[in-house]
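File shown here: entry-v8.cif, holding mmCIF, C-alpha atoms and all ligand atoms.
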```cif
data_input
#
loop_
_atom_site.label_atom_id
_atom_site.label_comp_id
_atom_site.auth_asym_id
_atom_site.auth_seq_id
_atom_site.Cartn_x
_atom_site.Cartn_y
_atom_site.Cartn_z
CA MET R 1 18.33 64.62 3.48
CA THR R 2 21.15 62.15 3.05
CA LEU R 3 21.68 60.27 -0.14
CA THR R 4 23.10 56.79 0.12
CA VAL R 5 24.56 54.62 -2.60
CA VAL R 6 24.52 50.85 -2.21
CA ASN R 7 26.92 49.06 -4.51
CA ASN R 8 26.37 45.52 -5.73
CA ALA R 9 22.90 45.34 -4.28
CA THR R 10 20.82 42.26 -5.00
CA CYS R 11 17.55 42.26 -6.93
CA THR R 12 15.16 39.47 -6.03
CA PHE R 13 12.35 40.28 -8.37
CA CYS R 14 13.01 37.29 -10.60
CA GLY R 15 15.05 34.10 -10.32
CA CYS R 16 18.10 35.73 -11.93
CA VAL R 17 18.84 37.44 -8.58
CA CYS R 18 21.23 39.95 -10.17
CA ASP R 19 23.77 41.07 -7.59
CA ASP R 20 25.39 43.98 -9.39
CA ILE R 21 22.78 46.69 -8.92
CA GLU R 22 23.77 50.18 -7.86
CA LEU R 23 21.04 51.69 -5.71
CA HIS R 24 20.69 55.39 -5.01
CA ALA R 25 18.37 56.04 -2.11
CA ASP R 26 17.35 58.82 0.21
CA GLU R 27 15.74 58.09 3.55
CA THR R 28 12.32 57.18 2.21
CA ARG R 29 12.70 55.68 -1.22
CA ILE R 30 15.05 54.29 -3.82
CA LEU R 31 15.58 56.86 -6.54
CA LYS R 32 17.70 55.00 -9.01
CA ALA R 33 18.54 51.36 -9.64
CA LYS R 34 21.44 51.29 -12.08
CA LYS R 35 22.04 48.11 -14.11
CA ALA R 36 18.67 46.66 -13.11
CA CYS R 37 16.29 45.72 -15.94
CA VAL R 38 12.81 47.23 -16.38
CA LEU R 39 11.21 44.72 -14.03
CA GLY R 40 13.89 45.14 -11.38
CA THR R 41 13.83 48.94 -11.58
CA ALA R 42 10.06 49.02 -11.19
CA TRP R 43 10.33 46.72 -8.20
CA PHE R 44 13.02 48.77 -6.44
CA LEU R 45 11.36 52.11 -7.10
CA ASN R 46 7.94 50.91 -6.02
CA HIS R 47 8.75 50.52 -2.35
CA THR R 48 9.00 53.28 0.20
CA VAL R 49 9.46 53.29 3.94
CA GLU R 50 6.26 55.25 4.44
CA ARG R 51 3.69 53.67 6.69
CA LYS R 52 1.27 52.90 3.93
CA TYR R 53 -0.40 50.06 5.75
CA PRO R 54 -1.38 49.43 9.37
CA ASP R 55 1.00 47.26 11.40
CA ALA R 56 -1.54 44.49 11.37
CA LEU R 57 -5.15 43.67 10.60
CA ILE R 58 -7.42 41.25 12.44
CA ASP R 59 -10.71 40.54 10.65
CA GLY R 60 -9.98 43.56 8.49
CA LYS R 61 -9.67 45.90 11.50
CA GLU R 62 -6.46 47.59 12.55
CA ALA R 63 -4.58 45.86 15.35
CA THR R 64 -1.21 46.00 17.03
CA LEU R 65 1.62 43.68 16.13
CA ASP R 66 1.43 41.94 19.52
CA GLU R 67 -2.29 41.26 19.18
CA ALA R 68 -1.83 39.92 15.66
CA ILE R 69 1.01 37.61 16.70
CA GLU R 70 -1.07 36.23 19.54
CA ALA R 71 -4.10 35.76 17.26
CA ALA R 72 -1.97 34.03 14.63
CA ALA R 73 -0.46 31.70 17.24
CA THR R 74 -3.90 30.86 18.65
CA HIS R 75 -5.42 30.02 15.26
CA LEU R 76 -2.46 27.95 14.15
CA HIS R 77 -2.26 26.10 17.46
CA ALA R 78 -5.97 25.32 17.45
CA ALA R 79 -5.91 23.85 13.95
CA ASP R 80 -5.62 20.11 13.30
CA MET R 81 -4.04 20.50 9.89
CA PRO R 82 -2.40 23.90 9.57
CA LEU R 83 -0.66 24.80 6.34
CA VAL R 84 2.52 26.89 5.99
CA TYR R 85 2.74 28.09 2.41
CA GLY R 86 4.59 30.52 0.18
CA MET R 87 8.11 31.58 1.09
CA SER R 88 8.91 33.00 -2.35
CA ASN R 89 9.39 36.65 -1.64
CA THR R 90 11.23 36.31 1.60
CA THR R 91 14.69 35.53 2.93
CA CYS R 92 16.28 32.17 3.62
CA GLU R 93 16.42 33.15 7.29
CA ALA R 94 12.63 33.56 7.37
CA GLN R 95 12.20 30.34 5.39
CA ARG R 96 14.15 28.47 8.03
CA GLU R 97 11.80 29.83 10.70
CA CYS R 98 8.84 28.73 8.58
CA VAL R 99 10.13 25.16 8.42
CA ALA R 100 10.52 25.17 12.19
CA LEU R 101 6.99 26.58 12.54
CA ALA R 102 5.46 23.82 10.38
CA ASP R 103 7.50 21.24 12.29
CA LEU R 104 6.32 22.61 15.63
CA LEU R 105 2.69 22.63 14.47
CA GLY R 106 2.82 19.17 12.92
CA GLY R 107 1.45 20.85 9.84
CA LEU R 108 1.87 21.03 6.09
CA LEU R 109 4.74 22.86 4.46
CA ASP R 110 4.81 23.88 0.82
CA SER R 111 6.09 26.51 -1.60
CA HIS R 112 5.31 27.93 -5.02
CA THR R 113 7.28 25.09 -6.55
CA SER R 114 4.35 22.70 -6.17
CA LEU R 115 2.02 24.86 -8.28
CA MET V 1 18.41 25.89 -25.17
CA TYR V 2 15.33 27.47 -23.75
CA TRP V 3 12.21 25.33 -23.59
CA GLY V 4 8.79 26.82 -22.83
CA GLY V 5 10.17 30.01 -21.32
CA ASN V 6 10.28 33.64 -22.35
CA PRO V 7 13.35 35.13 -20.67
CA ALA V 8 13.27 38.26 -22.84
CA GLU V 9 10.16 39.32 -20.92
CA CYS V 10 10.28 37.35 -17.66
CA HIS V 11 14.00 37.19 -16.85
CA PRO V 12 15.26 40.19 -18.83
CA ARG V 13 18.93 39.91 -17.91
CA HIS V 14 19.23 36.15 -18.32
CA PHE V 15 20.67 36.46 -21.85
CA THR V 16 23.04 39.30 -21.16
CA LYS V 17 24.28 38.49 -17.69
CA TYR V 18 24.35 34.70 -17.69
CA ALA V 19 23.39 32.55 -20.59
CA LEU V 20 24.19 34.08 -23.98
CA MET V 21 26.44 37.13 -23.92
CA PRO V 22 29.14 36.75 -21.27
CA LYS V 23 32.67 36.23 -22.55
CA SER V 24 34.70 33.64 -20.72
CA LYS V 25 37.90 31.66 -20.94
CA PHE V 26 36.29 28.97 -23.07
CA LEU V 27 33.89 31.26 -24.90
CA PRO V 28 36.05 34.30 -25.65
CA ARG V 29 33.69 35.61 -28.33
CA GLY V 30 30.66 35.53 -26.05
CA ARG V 31 27.45 35.29 -28.01
CA LYS V 32 29.25 34.24 -31.22
CA ASP V 33 30.59 31.12 -29.52
CA ARG V 34 27.14 29.96 -28.50
CA THR V 35 24.13 28.51 -30.27
CA ALA V 36 20.79 29.48 -28.80
CA VAL V 37 17.68 27.40 -29.45
CA LEU V 38 14.18 28.28 -28.35
CA VAL V 39 11.39 25.73 -28.22
CA ASP V 40 7.96 27.21 -27.61
CA ILE V 41 4.41 27.12 -28.90
CA ARG V 42 4.64 30.60 -30.40
CA PRO V 43 7.42 32.99 -31.40
CA THR V 44 7.75 35.17 -28.31
CA LYS V 45 10.13 38.13 -28.00
CA SER V 46 12.79 35.64 -26.92
CA ALA V 47 12.69 34.03 -30.39
CA LYS V 48 14.54 37.05 -31.77
CA ALA V 49 17.49 36.31 -29.52
CA ALA V 50 17.68 32.67 -30.60
CA ASP V 51 19.55 31.23 -33.60
CA ILE V 52 16.97 28.50 -34.03
CA PHE V 53 13.30 28.68 -33.14
CA LEU V 54 11.27 25.48 -33.02
CA GLN V 55 7.53 25.93 -32.81
CA VAL V 56 6.11 22.89 -31.07
CA ARG V 57 2.36 22.17 -31.14
CA PRO V 58 0.70 23.01 -27.83
CA GLY V 59 0.67 20.00 -25.53
CA LYS V 60 3.21 18.07 -27.61
CA ASP V 61 6.34 18.82 -25.58
CA PHE V 62 6.50 15.39 -24.00
CA GLU V 63 6.23 13.74 -27.41
CA LEU V 64 8.96 15.95 -28.86
CA ILE V 65 11.32 15.29 -25.94
CA THR V 66 10.70 11.57 -26.25
CA ILE V 67 11.45 11.69 -29.98
CA LEU V 68 14.71 13.53 -29.26
CA ARG V 69 15.59 10.92 -26.66
CA ALA V 70 15.03 8.18 -29.24
CA LEU V 71 17.03 10.02 -31.89
CA ILE V 72 20.12 10.56 -29.76
CA LYS V 73 20.29 6.78 -29.44
CA ASP V 74 19.82 6.31 -33.19
CA GLN V 75 16.47 4.63 -32.73
CA LYS V 76 13.83 4.74 -35.43
CA VAL V 77 10.91 7.11 -35.07
CA SER V 78 7.90 7.16 -37.35
CA GLU V 79 7.32 10.14 -39.61
CA GLU V 80 3.75 10.52 -38.35
CA ALA V 81 4.87 10.71 -34.73
CA VAL V 82 7.32 13.46 -35.60
CA ALA V 83 4.78 15.32 -37.74
CA GLU V 84 2.37 15.46 -34.82
CA THR V 85 4.75 17.63 -32.81
CA GLY V 86 4.77 20.37 -35.46
CA ILE V 87 8.54 19.92 -35.97
CA THR V 88 10.07 18.13 -38.95
CA LEU V 89 12.42 15.17 -38.71
CA GLU V 90 15.18 17.26 -40.34
CA GLN V 91 14.82 19.92 -37.65
CA CYS V 92 15.03 17.23 -34.97
CA THR V 93 18.13 15.57 -36.39
CA ASP V 94 19.77 18.94 -36.92
CA LEU V 95 19.07 19.83 -33.29
CA ILE V 96 20.41 16.51 -32.05
CA GLU V 97 23.60 16.94 -34.06
CA ARG V 98 24.14 20.38 -32.62
CA MET V 99 23.45 19.17 -29.09
CA LYS V 100 25.96 16.34 -29.49
CA LYS V 101 28.57 18.65 -30.99
CA ALA V 102 28.24 21.19 -28.20
CA LYS V 103 31.01 21.27 -25.61
CA PHE V 104 28.60 22.13 -22.84
CA GLY V 105 24.86 22.17 -23.33
CA CYS V 106 22.36 23.71 -20.98
CA VAL V 107 18.61 23.60 -21.31
CA PHE V 108 16.55 26.04 -19.29
CA PHE V 109 12.91 25.14 -19.02
CA GLY V 110 10.05 27.43 -18.11
CA MET V 111 6.42 27.18 -17.11
CA GLY V 112 5.46 26.64 -20.76
CA LEU V 113 6.85 23.17 -20.24
CA SER V 114 6.22 22.44 -16.59
CA MET V 115 2.70 23.89 -16.31
CA THR V 116 1.10 22.61 -19.50
CA ARG V 117 -0.31 19.19 -20.41
CA GLY V 118 1.97 16.57 -18.88
CA LYS V 119 3.27 18.97 -16.19
CA HIS V 120 5.96 17.33 -14.07
CA MET V 121 6.11 14.43 -16.52
CA ASN V 122 7.40 16.97 -19.06
CA SER V 123 10.04 18.25 -16.68
CA ALA V 124 11.06 14.70 -15.81
CA ALA V 125 11.38 13.82 -19.52
CA LEU V 126 13.53 16.87 -20.18
CA LEU V 127 15.77 16.13 -17.19
CA THR V 128 16.16 12.58 -18.50
CA LEU V 129 17.06 13.91 -21.96
CA ALA V 130 19.74 16.11 -20.40
CA ALA V 131 21.05 13.20 -18.31
CA GLU V 132 21.20 10.93 -21.37
CA MET V 133 23.01 13.60 -23.37
CA ASN V 134 25.91 13.17 -20.95
CA ALA V 135 26.83 10.00 -22.85
CA PHE V 136 27.99 12.37 -25.59
CA THR V 137 28.91 15.67 -23.99
CA LYS V 138 28.44 17.73 -20.86
CA PHE V 139 24.77 18.64 -20.59
CA VAL V 140 22.63 20.06 -17.81
CA ALA V 141 19.00 21.16 -17.37
CA MET V 142 17.74 23.87 -15.07
CA PRO V 143 14.28 25.30 -14.39
CA MET V 144 13.79 29.04 -14.98
CA ARG V 145 12.55 30.14 -11.59
CA GLY V 146 10.43 33.21 -11.12
CA HIS V 147 9.33 34.84 -7.86
CA GLY V 148 12.49 36.00 -6.15
CA ASN V 149 13.70 33.49 -3.65
CA VAL V 150 11.58 30.46 -4.54
CA THR V 151 14.84 28.60 -5.15
CA GLY V 152 15.83 29.41 -1.57
CA ALA V 153 12.59 27.83 -0.36
CA ASP V 154 13.51 24.58 -2.12
CA VAL V 155 17.03 24.65 -0.73
CA ILE V 156 16.00 25.45 2.84
CA MET V 157 13.28 22.80 2.90
CA ARG V 158 15.68 20.24 1.45
CA TRP V 159 18.28 21.15 4.04
CA GLN V 160 15.88 21.02 6.96
CA THR V 161 13.56 18.17 5.99
CA GLY V 162 15.19 16.28 3.12
CA TYR V 163 12.37 17.23 0.73
CA PRO V 164 11.94 20.33 -1.45
CA PHE V 165 8.15 20.98 -1.12
CA GLY V 166 4.83 19.22 -0.56
CA ILE V 167 5.71 18.15 2.98
CA THR V 168 3.68 17.18 6.03
CA PHE V 169 4.84 16.89 9.62
CA ASN V 170 1.58 15.38 10.85
CA ARG V 171 3.26 12.24 12.16
CA GLY V 172 5.96 14.27 13.86
CA TYR V 173 8.52 13.70 11.11
CA PRO V 174 8.61 15.00 7.52
CA ARG V 175 6.91 13.07 4.74
CA TYR V 176 6.77 14.10 1.09
CA ASN V 177 4.00 13.51 -1.41
CA PRO V 178 3.16 16.16 -3.99
CA GLY V 179 -0.45 15.78 -5.07
CA GLU V 180 -1.39 14.76 -1.53
CA PHE V 181 0.39 17.44 0.49
CA SER V 182 0.77 20.15 -2.15
CA THR V 183 -1.13 23.31 -1.40
CA VAL V 184 -3.61 23.53 -4.26
CA ASP V 185 -4.71 19.94 -3.70
CA VAL V 186 -4.95 20.38 0.07
CA LEU V 187 -7.04 23.52 -0.32
CA VAL V 188 -9.29 22.30 -3.13
CA ARG V 189 -10.07 19.16 -1.15
CA GLY V 190 -10.69 21.33 1.90
CA ASP V 191 -8.19 19.46 4.09
CA ALA V 192 -6.32 22.29 5.79
CA ASP V 193 -8.10 24.03 8.66
CA ALA V 194 -5.75 27.01 9.03
CA ALA V 195 -3.24 28.59 6.68
CA PHE V 196 -0.11 30.65 7.23
CA ILE V 197 0.87 32.49 4.04
CA ILE V 198 4.19 34.28 3.70
CA GLY V 199 5.82 35.93 0.68
CA ALA V 200 3.06 34.80 -1.67
CA ASP V 201 -0.38 35.88 -2.81
CA PRO V 202 -2.41 32.73 -3.49
CA GLY V 203 -5.58 34.86 -3.39
CA ALA V 204 -4.49 36.28 -6.75
CA THR V 205 -2.97 33.21 -8.36
CA MET V 206 -4.66 30.01 -7.21
CA PRO V 207 -7.75 28.31 -8.65
CA GLN V 208 -11.01 29.68 -7.27
CA PRO V 209 -11.98 26.64 -5.13
CA ALA V 210 -8.61 26.92 -3.33
CA ILE V 211 -9.19 30.64 -2.70
CA ASP V 212 -12.71 29.93 -1.42
CA HIS V 213 -11.28 27.50 1.10
CA LEU V 214 -8.67 30.04 2.28
CA ALA V 215 -11.54 32.43 2.95
CA ARG V 216 -13.42 29.77 4.96
CA ILE V 217 -10.55 28.88 7.32
CA PRO V 218 -8.47 31.20 9.52
CA THR V 219 -5.76 32.47 7.18
CA ILE V 220 -2.76 34.43 8.41
CA VAL V 221 -0.77 36.55 5.97
CA LEU V 222 2.67 38.12 6.29
CA ASP V 223 3.37 40.57 3.48
CA PRO V 224 4.81 44.05 2.87
CA HIS V 225 1.52 44.93 1.16
CA VAL V 226 -2.13 44.32 1.95
CA THR V 227 -2.70 41.70 -0.76
CA HIS V 228 -5.70 39.88 -2.22
CA THR V 229 -5.01 37.13 0.29
CA SER V 230 -4.85 39.66 3.17
CA ASN V 231 -8.34 40.80 2.24
CA LEU V 232 -9.80 37.38 2.82
CA ALA V 233 -7.56 36.58 5.78
CA LYS V 234 -8.29 36.58 9.49
CA VAL V 235 -4.93 38.13 10.36
CA HIS V 236 -2.58 40.24 8.25
CA ILE V 237 0.81 41.42 9.49
CA THR V 238 2.78 44.00 7.51
CA THR V 239 6.48 43.15 7.22
CA ALA V 240 9.55 44.78 5.71
CA PRO V 241 10.15 43.92 2.03
CA ALA V 242 13.09 41.53 1.68
CA GLY V 243 16.05 42.93 -0.21
CA ILE V 244 14.68 46.46 -0.08
CA ALA V 245 14.33 47.09 3.63
CA ALA V 246 15.07 43.68 5.16
CA PRO V 247 18.46 41.97 5.11
CA GLY V 248 19.06 38.27 4.59
CA THR V 249 20.01 35.77 1.93
CA ALA V 250 18.40 34.80 -1.37
CA TYR V 251 19.22 31.98 -3.77
CA ARG V 252 19.73 32.52 -7.46
CA MET V 253 18.05 29.95 -9.74
CA ASP V 254 21.34 28.06 -10.09
CA GLU V 255 21.39 27.69 -6.31
CA ILE V 256 24.04 30.26 -5.52
CA PRO V 257 23.20 32.04 -2.24
CA LEU V 258 23.56 35.83 -2.40
CA PRO V 259 23.41 38.38 0.41
CA LEU V 260 20.69 41.03 0.23
CA LYS V 261 21.73 44.63 0.69
CA PRO V 262 18.74 46.66 1.78
CA ALA V 263 18.92 50.35 0.88
CA LEU V 264 16.08 51.43 3.14
CA LYS V 265 15.05 51.05 6.78
CA SER V 266 11.50 49.84 7.23
CA PRO V 267 9.15 50.82 10.06
CA TYR V 268 7.86 47.24 9.94
CA PRO V 269 9.48 44.12 11.41
CA THR V 270 11.12 41.51 9.17
CA ASP V 271 9.43 38.23 8.21
CA GLU V 272 12.06 36.34 10.16
CA GLU V 273 11.33 38.24 13.35
CA VAL V 274 7.53 37.85 13.09
CA VAL V 275 7.65 34.12 12.30
CA ARG V 276 10.00 33.58 15.22
CA ARG V 277 7.69 35.47 17.57
CA ILE V 278 4.65 33.46 16.41
CA LYS V 279 6.67 30.31 16.98
CA GLN V 280 7.58 31.44 20.48
CA ALA V 281 3.94 32.19 21.26
CA ILE V 282 2.99 28.68 20.13
CA VAL V 283 5.75 27.02 22.15
CA LYS V 284 4.07 28.45 25.29
CA LYS V 285 0.90 26.53 24.47
CA PRO V 286 0.55 22.79 25.12
CA PHE V 287 2.37 20.63 22.55
CA TRP V 288 -0.05 19.06 20.07
CA MET V 289 1.39 15.59 20.20
CA PRO V 290 0.15 13.32 22.97
CA GLU V 291 2.23 12.32 25.97
CA GLY V 292 5.71 10.95 25.57
CA ALA V 293 6.32 12.86 22.36
CA GLN V 294 9.16 15.30 22.43
CA MET V 295 9.95 18.47 20.61
CA THR V 296 13.02 18.37 18.43
CA ALA V 297 15.79 20.90 18.83
CA ALA V 298 14.79 22.69 15.63
CA GLN V 299 11.31 23.44 16.95
CA VAL V 300 12.53 25.40 19.94
S1 LIG Y 401 17.46 43.03 -12.41
FE1 LIG Y 401 15.90 42.13 -13.75
S2 LIG Y 401 16.81 40.18 -14.43
FE2 LIG Y 401 17.98 40.86 -12.64
S3 LIG Y 401 16.95 39.85 -10.87
FE3 LIG Y 401 16.04 41.90 -11.11
S4 LIG Y 401 14.21 41.53 -12.36
FE4 LIG Y 401 15.53 39.74 -12.63
#
```
Could you write out this file's structure as C-alpha cells?
Ligand code: SF4
Amino acid sequence: MTLTVVNNATCTFCGCVCDDIELHADETRILKAKKACVLGTAWFLNHTVERKYPDALIDGKEATLDEAIEAAATHLHAADMPLVYGMSNTTCEAQRECVALADLLGGLLDSHTSL
Amino acid sequence: MYWGGNPAECHPRHFTKYALMPKSKFLPRGRKDRTAVLVDIRPTKSAKAADIFLQVRPGKDFELITILRALIKDQKVSEEAVAETGITLEQCTDLIERMKKAKFGCVFFGMGLSMTRGKHMNSAALLTLAAEMNAFTKFVAMPMRGHGNVTGADVIMRWQTGYPFGITFNRGYPRYNPGEFSTVDVLVRGDADAAFIIGADPGATMPQPAIDHLARIPTIVLDPHVTHTSNLAKVHITTAPAGIAAPGTAYRMDEIPLPLKPALKSPYPTDEEVVRRIKQAIVKKPFWMPEGAQMTAAQV
C-alpha cells in the first residue's frame, strides 16, 4: 500500500476554505489531516473510495449511470418549470455546467444563498 | 466585529487563520492590535474570544443597527428606543467611538442576523452601516458563509447571468427576483414541476411543505452520499466528493478562488462530468422554445 502526502490541500467544509492542510492518505482513505480543525478533520476522514453506494438509483432501484443520465434528461426536458438548485458542495466547474443546464432548460436557478 | 455568528463552533479557524490572530505589517502584535466585538442574542463560545460582548434582544438587530447608524452621524436617539434593544446607550456610544477610531473595521455577519426577524433587511442595514462608516475610516462587511463552496455558486452565477441567485431563464434570458424565483418559495407554492439538486440536501433542511413538493415532482439528485433528498427522489446519481476525490476550484468566503487538491481517486464520476452529460442528452431533444428561437453559445 502506498502512502501519499498532499501538501497545502484545501478544505471546503466551511466557508473559511483553509488551503494549508497536510493530508496523509493511502489508496482508500485519508488517514490524517494536519492543521485542519475538528470539523475539517471529521470531513476529510469520513470519506473513502469504497463503493458504498450504487452508481445510481431510479425510483429507489439500482441503475447504471447511463440509464440515470437518460432518465434525468428526460424528466428535466419534459418539465415546464424545472429547477436547478444547490451547488454548495461542488466545484466551480460543476456550477458553471449547472448554469448552462438551467439556461438550456429555460428553468429556475438558485443556491443556498436564497434560504 | 462579529454579528449573529458563532465562528468558534461553525468556522473554527476563522479567528486564528484570518480575522483575529494573524500578525501582519500593520498589525505586528496580532491579536493585541485588534479589538474583537461580538453581537449576539446569547453568549456563545465565540464570546470568550471577544473583547466586548453585546447581548442584543432577539429580533432587535435591525433596531440596534439603525441606532448605530444614527449615532455615527451624531443624531439624537431616544433612551426608550435604545433600551428596547437590550444594549445601553453607553455601550452603543463606546462601540461607535471604537469603530470610528479603528484603522480598518470589518464586520462579519452570520445567520443569526440574516435568518432571523427582518432577514435580508437586517443584512442590508448592516451593509449600509459599514458603507456609512467609510466617511470616518475604512470599513467593510462580509457574510460568514457556511457550506463549502456556496460563495463559488454566487460568483459563478454572477459571472454567467449577472445575478447571484434566485434566477429564472423562462423567457430565454436571465431574470432575478428573490421571493418569486427563490427555491423555498417556488417549492412551497408548488410552481416547479421537476427539480435538479446538486451539492445540497434540501430534504434535510427545507420547510416541510417544500420537501413534500420535491417528493411529488420528479427530483434528480447528484451527491456523494445517498441523502434524505435522494430517498424521495426519482433519480439519484452518486458522484465523487469535491475536494476529496474530485478536483476543481472553490471560493473562500472573501471571494478568493482556491484550487482543490484531491487526495483520493473515486470510483464515481465528478459532478461536472455528470451535469455535462445530462446537458448533452438534453441538447439531443427538441429545444423547448418555439420556432425562431436560438440556443446561445453557453448552452451548447
Ligand atoms: S479546516 Fe476547519 S475552518 Fe478550515 S475550512 Fe475546514 S472546516 Fe473550515
Check your understanding: Taking all atoms listed in the file into account, what are the residues of chain R at most 6 Å from chain V, put as an MDAnalysis selection string?
Key -> chainID R and resid 9:10 12:17 49 55:59 69 73 79 81:92 94 100:101 103:104 106:111 114
Write out as AutoDock Vina command-line options an axis-aligned box for region 43-56 of chain V: all of its atoms listed in the file, 6 Å added on each side, centre and edge lengths in Å with one decimal.
```
--center_x 12.8 --center_y 30.5 --center_z -30.5 --size_x 25.4 --size_y 27.2 --size_z 19.1
```
Using only C-alpha atoms and all ligand atoms, find each residue in chain R having at least one atom no more than 12 Å away from ligand LIG 401 (chain Y); report its shortest atom-to-atom pair and that distance in Å (one decimal), rows by chain then rising number, as a tab-separated table.
```
residue	atom	partner	partner_atom	distance
R:Asn8	CA	Y:LIG401	S1	11.4
R:Ala9	CA	Y:LIG401	S1	10.1
R:Thr10	CA	Y:LIG401	S3	7.4
R:Cys11	CA	Y:LIG401	FE3	4.5
R:Thr12	CA	Y:LIG401	S3	5.2
R:Phe13	CA	Y:LIG401	S4	4.6
R:Cys14	CA	Y:LIG401	FE4	4.1
R:Gly15	CA	Y:LIG401	S3	6.1
R:Cys16	CA	Y:LIG401	S3	4.4
R:Val17	CA	Y:LIG401	S3	3.8
R:Cys18	CA	Y:LIG401	FE2	4.2
R:Asp19	CA	Y:LIG401	S3	7.7
R:Asp20	CA	Y:LIG401	S1	8.5
R:Ile21	CA	Y:LIG401	S1	7.3
R:Glu22	CA	Y:LIG401	S1	10.6
R:Leu23	CA	Y:LIG401	S1	11.5
R:Ala33	CA	Y:LIG401	S1	8.8
R:Lys34	CA	Y:LIG401	S1	9.2
R:Lys35	CA	Y:LIG401	S1	7.0
R:Ala36	CA	Y:LIG401	S1	3.9
R:Cys37	CA	Y:LIG401	FE1	4.2
R:Val38	CA	Y:LIG401	FE1	6.5
R:Leu39	CA	Y:LIG401	S4	4.7
R:Gly40	CA	Y:LIG401	S4	3.8
R:Thr41	CA	Y:LIG401	S1	7.0
R:Ala42	CA	Y:LIG401	S4	8.6
R:Trp43	CA	Y:LIG401	S4	7.7
R:Phe44	CA	Y:LIG401	FE3	8.8
R:Leu45	CA	Y:LIG401	FE3	11.9
```
Review point. So how many Å separate CA of Met111 (chain V) and CA of Gly5 (chain V), to one decimal?
Key: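 Between these atoms lies a distance of 6.3 Å.
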Check your understanding: To one decimal place, how far is CA of Thr35 (chain V) from CA of Asp94 (chain V) in Å?
Key ->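 Distance reported for this atom pair: 12.4 Å.
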Review point. Expressed in Å to a single decimal, how great is the separation between CA of Asn122 (chain V) and CA of Thr113 (chain R)?
Key: 14.9 Å
Check your understanding: If I put a ball of radius 6 Å at (9.1, 57.7, 3.0) in the file's coordinates, which residues poke into it when counting all atoms listed in the file, written as a list in words?
Key ->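 Within the cut-off we find Thr28, Arg29, Thr48, Val49 and Glu50 of chain R.
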Check your understanding: Neighbours of region 130-133 of chain V within 9 Å (all atoms listed in the file; same-chain residues fewer than 3 positions away dropped), as a ChimeraX atom specification?
Key -> /V:69,72,99-100,105-107,125-127,136-141
